[in-house]
Each structure stands twice: as C-alpha cells, then as structure tokens.
>>> print(open('structure_17.txt').read())   # compact mmCIF, C-alpha atoms
# COMPACT_ATOMS: atom_id res chain seq x y z
CA MET W 1 94.18 106.47 124.83
CA THR W 2 93.59 104.63 128.09
CA ASP W 3 95.29 101.44 129.22
CA GLU W 4 91.84 99.83 129.35
CA LEU W 5 91.22 100.64 125.68
CA HIS W 6 94.60 99.24 124.66
CA ALA W 7 93.88 96.08 126.65
CA ASP W 8 90.42 95.74 125.13
CA TYR W 9 91.84 95.92 121.59
CA ARG W 10 94.62 93.45 122.35
CA GLU W 11 92.17 90.98 123.88
CA ALA W 12 90.01 91.25 120.74
CA GLY W 13 92.98 90.32 118.55
CA PHE W 14 94.16 93.74 117.38
CA ALA W 15 97.62 95.36 117.56
CA LYS W 16 99.68 92.29 116.61
CA ARG W 17 103.30 93.18 115.75
CA LEU W 18 104.33 92.83 112.10
CA GLY W 19 108.04 93.34 112.68
CA PHE W 20 110.65 95.35 110.82
CA GLY W 21 111.11 93.34 107.65
CA SER W 22 114.44 92.73 105.96
CA ALA W 23 114.42 95.19 103.04
CA PRO W 24 113.07 98.56 104.17
CA ALA W 25 112.56 101.83 102.36
CA LEU W 26 111.83 105.25 103.86
CA ILE W 27 109.03 107.52 102.68
CA VAL W 28 108.78 111.19 103.66
CA VAL W 29 105.15 112.15 103.05
CA ASP W 30 104.35 115.73 101.98
CA PHE W 31 106.65 117.47 104.46
CA CYS W 32 106.51 120.87 102.78
CA ASN W 33 106.42 124.54 103.73
CA ALA W 34 102.61 124.57 103.85
CA TYR W 35 102.76 122.74 107.20
CA LEU W 36 105.66 124.79 108.57
CA GLU W 37 104.91 128.44 107.78
CA GLN W 38 102.65 130.06 110.35
CA ASP W 39 100.71 132.14 107.83
CA SER W 40 99.76 129.04 105.83
CA PRO W 41 96.22 127.65 106.14
CA LEU W 42 97.79 124.22 106.64
CA TYR W 43 100.25 125.25 109.37
CA ALA W 44 100.29 122.38 111.85
CA GLY W 45 102.96 123.15 114.45
CA VAL W 46 104.97 120.07 113.43
CA GLU W 47 108.49 121.38 113.91
CA ASP W 48 109.35 118.53 116.31
CA ALA W 49 108.15 115.99 113.74
CA LEU W 50 110.34 117.71 111.14
CA ALA W 51 113.40 117.37 113.39
CA SER W 52 112.61 113.68 113.95
CA THR W 53 112.13 113.13 110.21
CA GLU W 54 115.52 114.74 109.57
CA ARG W 55 117.16 112.29 111.97
CA VAL W 56 115.39 109.28 110.48
CA LEU W 57 116.35 110.46 106.98
CA ALA W 58 120.00 110.72 108.02
CA ALA W 59 119.88 107.19 109.44
CA ALA W 60 118.22 105.87 106.28
CA ARG W 61 120.85 107.47 104.07
CA ALA W 62 123.63 106.07 106.25
CA ALA W 63 122.05 102.62 105.94
CA GLY W 64 121.86 102.93 102.15
CA ILE W 65 118.16 102.06 101.89
CA PRO W 66 115.82 103.49 99.23
CA VAL W 67 114.38 106.90 100.09
CA VAL W 68 111.15 108.29 98.64
CA PHE W 69 109.69 111.77 99.02
CA THR W 70 106.19 112.81 98.08
CA GLU W 71 104.79 116.15 97.01
CA VAL W 72 101.30 117.34 96.13
CA GLN W 73 100.86 119.40 92.97
CA TYR W 74 97.79 120.60 91.09
CA GLU W 75 97.29 122.41 87.86
CA PRO W 76 95.71 125.87 88.20
CA GLY W 77 92.00 125.39 88.81
CA GLY W 78 92.55 121.97 90.38
CA ALA W 79 90.88 119.88 87.67
CA ASP W 80 93.39 117.10 88.36
CA GLY W 81 92.41 117.13 92.05
CA GLY W 82 88.78 116.23 91.48
CA VAL W 83 86.48 115.92 94.49
CA PHE W 84 89.39 116.10 96.97
CA PHE W 85 90.39 119.55 95.68
CA ARG W 86 86.77 120.68 95.84
CA LYS W 87 86.39 119.39 99.41
CA VAL W 88 89.45 121.07 100.98
CA ASP W 89 90.05 124.73 100.13
CA ALA W 90 93.49 124.61 101.78
CA LEU W 91 94.70 122.42 98.89
CA GLN W 92 95.02 125.67 96.94
CA SER W 93 98.41 125.77 98.67
CA PHE W 94 99.58 123.05 96.29
CA VAL W 95 98.69 124.67 92.97
CA ARG W 96 101.74 124.57 90.73
CA GLY W 97 104.09 127.47 91.46
CA ASN W 98 102.95 128.12 95.04
CA PRO W 99 106.07 128.20 97.28
CA LEU W 100 104.09 126.63 100.12
CA ALA W 101 104.31 123.35 98.20
CA ASP W 102 108.13 123.41 98.24
CA LEU W 103 110.09 121.12 100.55
CA PRO W 104 112.22 122.69 103.30
CA ALA W 105 115.96 122.82 102.67
CA SER W 106 116.62 119.98 105.12
CA LEU W 107 114.42 117.54 103.15
CA ILE W 108 115.63 118.06 99.59
CA PRO W 109 116.04 114.68 97.82
CA ALA W 110 119.62 113.62 97.15
CA ASP W 111 120.78 112.18 93.84
CA GLY W 112 119.12 108.83 93.23
CA GLU W 113 116.29 109.41 95.69
CA ILE W 114 112.74 109.26 94.36
CA MET W 115 110.15 112.01 94.23
CA VAL W 116 106.51 110.96 93.83
CA THR W 117 104.07 113.68 92.73
CA LYS W 118 100.51 112.99 93.76
CA GLN W 119 97.07 114.62 93.81
CA TYR W 120 95.33 112.52 96.45
CA ALA W 121 96.02 111.45 100.02
CA SER W 122 97.81 108.14 99.49
CA ALA W 123 101.27 108.09 97.94
CA PHE W 124 100.17 104.90 96.17
CA PHE W 125 96.97 106.19 94.55
CA GLY W 126 97.46 107.03 90.89
CA THR W 127 101.27 106.69 91.10
CA SER W 128 103.91 104.07 90.29
CA LEU W 129 105.10 103.81 93.91
CA ALA W 130 104.03 100.18 94.47
CA SER W 131 105.74 99.04 91.27
CA THR W 132 108.89 100.99 92.15
CA LEU W 133 109.13 99.49 95.64
CA THR W 134 108.49 96.00 94.29
CA ALA W 135 111.21 96.42 91.66
CA LEU W 136 113.61 97.52 94.41
CA GLY W 137 112.82 94.38 96.43
CA VAL W 138 111.36 96.36 99.34
CA ASP W 139 109.26 94.51 101.94
CA SER W 140 108.65 97.25 104.53
CA LEU W 141 108.05 100.99 104.41
CA ILE W 142 109.17 103.40 107.13
CA VAL W 143 106.60 106.21 107.12
CA THR W 144 107.30 109.79 108.20
CA GLY W 145 105.65 113.10 107.34
CA VAL W 146 102.31 114.87 107.54
CA SER W 147 99.54 114.76 108.32
CA THR W 148 98.97 111.77 110.57
CA SER W 149 95.22 111.72 109.95
CA GLY W 150 95.49 112.42 106.23
CA CYS W 151 98.26 111.51 103.83
CA VAL W 152 100.35 109.57 106.37
CA ARG W 153 97.37 107.42 107.32
CA ALA W 154 96.29 106.86 103.70
CA THR W 155 99.83 105.94 102.67
CA ALA W 156 100.29 103.52 105.57
CA VAL W 157 96.96 101.79 104.89
CA ASP W 158 97.75 101.46 101.19
CA ALA W 159 101.24 100.15 102.00
CA CYS W 160 99.55 97.37 103.97
CA GLN W 161 97.12 96.72 101.13
CA HIS W 162 100.00 96.46 98.62
CA GLY W 163 101.86 93.96 100.80
CA PHE W 164 104.49 96.23 102.40
CA ILE W 165 104.86 96.31 106.19
CA PRO W 166 104.11 99.90 107.27
CA LEU W 167 106.31 101.21 110.08
CA VAL W 168 104.95 104.58 111.18
CA VAL W 169 107.49 106.56 113.20
CA ARG W 170 105.59 108.15 116.09
CA GLU W 171 107.82 111.19 116.58
CA ALA W 172 108.32 111.77 112.84
CA VAL W 173 104.65 112.26 111.91
CA GLY W 174 102.41 115.10 112.96
CA ASP W 175 99.02 116.76 112.73
CA ARG W 176 97.42 120.08 113.60
CA SER W 177 95.55 118.42 116.51
CA THR W 178 97.22 116.29 119.18
CA GLN W 179 93.97 114.43 119.80
CA VAL W 180 93.50 113.61 116.12
CA HIS W 181 97.17 112.62 115.83
CA GLU W 182 96.96 110.21 118.78
CA ALA W 183 93.63 108.71 117.70
CA ASN W 184 94.97 107.94 114.24
CA LEU W 185 98.20 106.47 115.56
CA PHE W 186 96.14 104.24 117.86
CA ASP W 187 93.97 103.03 114.99
CA LEU W 188 96.87 102.50 112.60
CA ASP W 189 98.74 100.49 115.23
CA ALA W 190 95.66 98.40 115.97
CA LYS W 191 94.76 97.48 112.39
CA TYR W 192 97.21 98.36 109.63
CA ALA W 193 100.75 99.22 110.75
CA ASP W 194 103.32 99.05 113.50
CA VAL W 195 103.70 102.44 115.18
CA VAL W 196 107.30 102.53 116.37
CA SER W 197 109.59 105.00 118.09
CA GLU W 198 112.29 107.04 116.39
CA ASP W 199 114.90 105.38 118.63
CA ALA W 200 113.77 101.91 117.54
CA ILE W 201 113.89 102.81 113.85
CA VAL W 202 117.29 104.49 114.10
CA ALA W 203 118.69 101.45 115.95
CA TYR W 204 117.19 99.11 113.34
CA LEU W 205 118.71 101.13 110.52
CA ALA W 206 122.10 101.15 112.25
CA GLU W 207 121.99 97.34 112.35
CA HIS W 208 120.83 97.25 108.71
CA ARG W 209 123.72 99.44 107.54
>>> encode(input="structure_17.txt", output="structure tokens")
Amino acid sequence: MTDELHADYREAGFAKRLGFGSAPALIVVDFCNAYLEQDSPLYAGVEDALASTERVLAAARAAGIPVVFTEVQYEPGGADGGVFFRKVDALQSFVRGNPLADLPASLIPADGEIMVTKQYASAFFGTSLASTLTALGVDSLIVTGVSTSGCVRATAVDACQHGFIPLVVREAVGDRSTQVHEANLFDLDAKYADVVSEDAIVAYLAEHR
C-alpha cells in the first residue's frame, strides 16, 4: 500500500490506535498441517508465520496469559459446515479424521490452554469463545494464525464486535497471496484492529509478565 493511501485514510479518520489493553489473551487461529504441507490444497507457504507464531506463543506462556487455539472440524459429508462447506471444496481437508486438520507439533496446546472447535471462519461464530474470554477478564486479543484474509480477519473483526481489542501480529499471520495478505492487514488496521509487529508484542508481553 502506498504512503499516499495511508495518508488518505488517516486524514479521513481511519487507523486510530486502540492500544494494547491490560488483560490480553493469545489466539492461534487454525494453524494446522493443511496450510503447511505442500501437497495440501490449502498449502500457503506460511512457514515464516509459523515461526513467528511459535515465538509469540512462547512469550505468551512466559507471561502467563490465557492461550486459545482453534481448529476446524466437520462431520463426514459436511452437513455441519452448511453453505461455507459447499462454497470451498478445500474444506474437505477438515473432515474429521483427516490428518491435514491436525496441529503441528510446535503448536500443541499445553495443559490448561483452550481449544475451540469451529465450522465457520470466525472463532467467535457458534462457539463459547466470547463468554470464555469475558469470564477470564480479558480485554484484548492477540491474533496469530491463518489465513489473513479468512479466519484471521473474521476472528479479528468479531473480537472488535464483542468488545475485545484485536491485536493482529503482522509476522505471525499469513496467506497464500502476499497481495491479499497485505490488503487485508491494511483494511484491518484501518477499521477494526491494531496491526502490530512481533517485536512490539513480545516486548509488551515481557512487561506484562
């Protein structure tokens, strides 16, 4: 995105900073083998985003904040996926029992960490995530995972709509297209979330520890 476009949005009143909040949680959105194995229809070349997510996860665990993972799972035939399942053939990768839906070894939830199973893009839609975060006293949600234009975007927008400050970590999210990735980060940062660097989040979590 050009400097002129950034300036135009700022002058129109977009891209205000929300800040880090005082009671964060981390969410790792759908970072599973389907996006990492080259023979998968969903392979996205997001190995750098995985490495960044691993570092943010380590910082979150060291800080002792709540950690949430999400996974997508459908019954055979996809009846529980509705129109979304019908729209995107690649969602067959998430039918129950398919190893592409498994998380990589580096992102296995630890004891006490939360796994949210979902069928649609947002981690909030049709799940108890908002109630869980509210019960934990969370006011901001650090967002990592895949894909930037899909489940990351939907989760960040819904976090905003449920009253949680979304903090999308630029290096820790990814998409199969660099152009799509950058366009969605630009739009999220303008309207719904703060897009922040890995270094800024890690430093914030070190102070929060």
>>> residues_around(input="structure_17.txt", residues="region 138-142 of chain W", least_positions_apart="5", cutoff="8 Å", atoms="only C-alpha atoms", output="PyMOL selection string")
chain W and resi 20-27+133+159+163-169
>>> atom_distance(input="structure_17.txt", atom1="CA of Tyr204 (chain W)", atom2="CA of Asp30 (chain W)")
23.9 Å
>>> residues_near_point(input="structure_17.txt", point="(97.9, 106.6, 113.6)", cutoff="8 Å", atoms="all atoms listed in the file", output="NGL selection string")
:W and (148-149 or 153 or 168 or 181-189 or 195)
>>> residues_around(input="structure_17.txt", residues="region 96-99 of chain W", least_positions_apart="3", cutoff="10 Å", atoms="all atoms listed in the file", output="count of residues only")
14
>>> residues_around(input="structure_17.txt", residues="Gly174 (chain W)", least_positions_apart="3", cutoff="8 Å", atoms="only C-alpha atoms", output="number ranges by chain")
W: 44, 46, 49, 145-148, 171, 181
>>> atom_distance(input="structure_17.txt", atom1="CA of Lys118 (chain W)", atom2="CA of Thr70 (chain W)")
7.1 Å
>>> atom_distance(input="structure_17.txt", atom1="CA of Val28 (chain W)", atom2="CA of Val143 (chain W)")
6.4 Å
>>> residues_around(input="structure_17.txt", residues="region 108-117 of chain W", least_positions_apart="6", cutoff="8 Å", atoms="all atoms listed in the file", output="ChimeraX atom specification")
/W:66-73,123,127,129
>>> closest_residue(input="structure_17.txt", among="W:Arg17, W:Arg176, W:His208, W:Lys191", to="Tyr43 (chain W)", atoms="all atoms listed in the file")
W:Arg176
>>> closest_residue(input="structure_17.txt", among="W:Ala135, W:Ile65, W:Val173, W:Val95", to="Gly150 (chain W)", atoms="all atoms listed in the file")
W:Val173
>>> closest_residue(input="structure_17.txt", among="W:Met1, W:Gly126, W:Ala206, W:Leu42", to="Gln179 (chain W)", atoms="only C-alpha atoms")
W:Met1
>>> residues_near_point(input="structure_17.txt", point="(98.5, 106.5, 98.5)", cutoff="6 Å", atoms="only C-alpha atoms", output="PyMOL selection string")
chain W and resi 121-125+154-155+158
>>> closest_residue(input="structure_17.txt", among="W:Ala190, W:Cys151, W:Ala156, W:Ala15", to="Asp175 (chain W)", atoms="only C-alpha atoms")
W:Cys151
>>> residues_around(input="structure_17.txt", residues="Glu54 (chain W)", least_positions_apart="3", cutoff="10 Å", atoms="all atoms listed in the file", output="list in words")
Val28, Asp48, Ala49, Leu50, Ala51, Leu57, Ala58, Ala59, Ala60, Ser106, Leu107, Thr144 and Ala172 of chain W
>>> closest_residue(input="structure_17.txt", among="W:Leu100, W:Ala105, W:Val202, W:Tyr120", to="Val88 (chain W)", atoms="only C-alpha atoms")
W:Tyr120
>>> closest_residue(input="structure_17.txt", among="W:Tyr35, W:Gln161, W:Pro104, W:Gln119", to="Phe84 (chain W)", atoms="all atoms listed in the file")
W:Gln119
>>> build_atoms(input="structure_17.txt", residues="region 176-194 of chain W", atoms="N, CA and C atoms", output="CSV table (one decimal), keeping the file's coordinate frame")
chain,number,residue,atom,x,y,z
W,176,ARG,N,97.7,118.8,113.0
W,176,ARG,CA,97.4,120.1,113.6
W,176,ARG,C,96.7,119.9,114.9
W,177,SER,N,96.2,118.7,115.3
W,177,SER,CA,95.6,118.4,116.5
W,177,SER,C,96.2,117.2,117.2
W,178,THR,N,96.6,117.4,118.4
W,178,THR,CA,97.2,116.3,119.2
W,178,THR,C,96.2,115.1,119.3
W,179,GLN,N,95.0,115.5,119.6
W,179,GLN,CA,94.0,114.4,119.8
W,179,GLN,C,93.8,113.6,118.5
W,180,VAL,N,93.7,114.3,117.4
W,180,VAL,CA,93.5,113.6,116.1
W,180,VAL,C,94.7,112.8,115.8
W,181,HIS,N,95.9,113.3,116.0
W,181,HIS,CA,97.2,112.6,115.8
W,181,HIS,C,97.2,111.3,116.6
W,182,GLU,N,96.9,111.4,117.9
W,182,GLU,CA,97.0,110.2,118.8
W,182,GLU,C,95.9,109.2,118.4
W,183,ALA,N,94.7,109.6,118.1
W,183,ALA,CA,93.6,108.7,117.7
W,183,ALA,C,94.0,107.9,116.4
W,184,ASN,N,94.6,108.6,115.5
W,184,ASN,CA,95.0,107.9,114.2
W,184,ASN,C,96.2,107.0,114.4
W,185,LEU,N,97.1,107.4,115.3
W,185,LEU,CA,98.2,106.5,115.6
W,185,LEU,C,97.7,105.2,116.2
W,186,PHE,N,96.7,105.4,117.2
W,186,PHE,CA,96.1,104.2,117.9
W,186,PHE,C,95.5,103.3,116.9
W,187,ASP,N,94.7,103.9,115.9
W,187,ASP,CA,94.0,103.0,115.0
W,187,ASP,C,94.9,102.4,114.0
W,188,LEU,N,95.9,103.1,113.5
W,188,LEU,CA,96.9,102.5,112.6
W,188,LEU,C,97.6,101.3,113.3
W,189,ASP,N,98.0,101.5,114.5
W,189,ASP,CA,98.7,100.5,115.2
W,189,ASP,C,97.9,99.3,115.5
W,190,ALA,N,96.6,99.5,115.7
W,190,ALA,CA,95.7,98.4,116.0
W,190,ALA,C,95.4,97.6,114.7
W,191,LYS,N,95.3,98.2,113.6
W,191,LYS,CA,94.8,97.5,112.4
W,191,LYS,C,95.7,97.4,111.2
W,192,TYR,N,96.6,98.3,110.9
W,192,TYR,CA,97.2,98.4,109.6
W,192,TYR,C,98.7,98.4,109.7
W,193,ALA,N,99.3,98.9,110.7
W,193,ALA,CA,100.8,99.2,110.8
W,193,ALA,C,101.3,98.9,112.1
W,194,ASP,N,102.6,99.0,112.2
W,194,ASP,CA,103.3,99.0,113.5
W,194,ASP,C,103.7,100.5,113.7
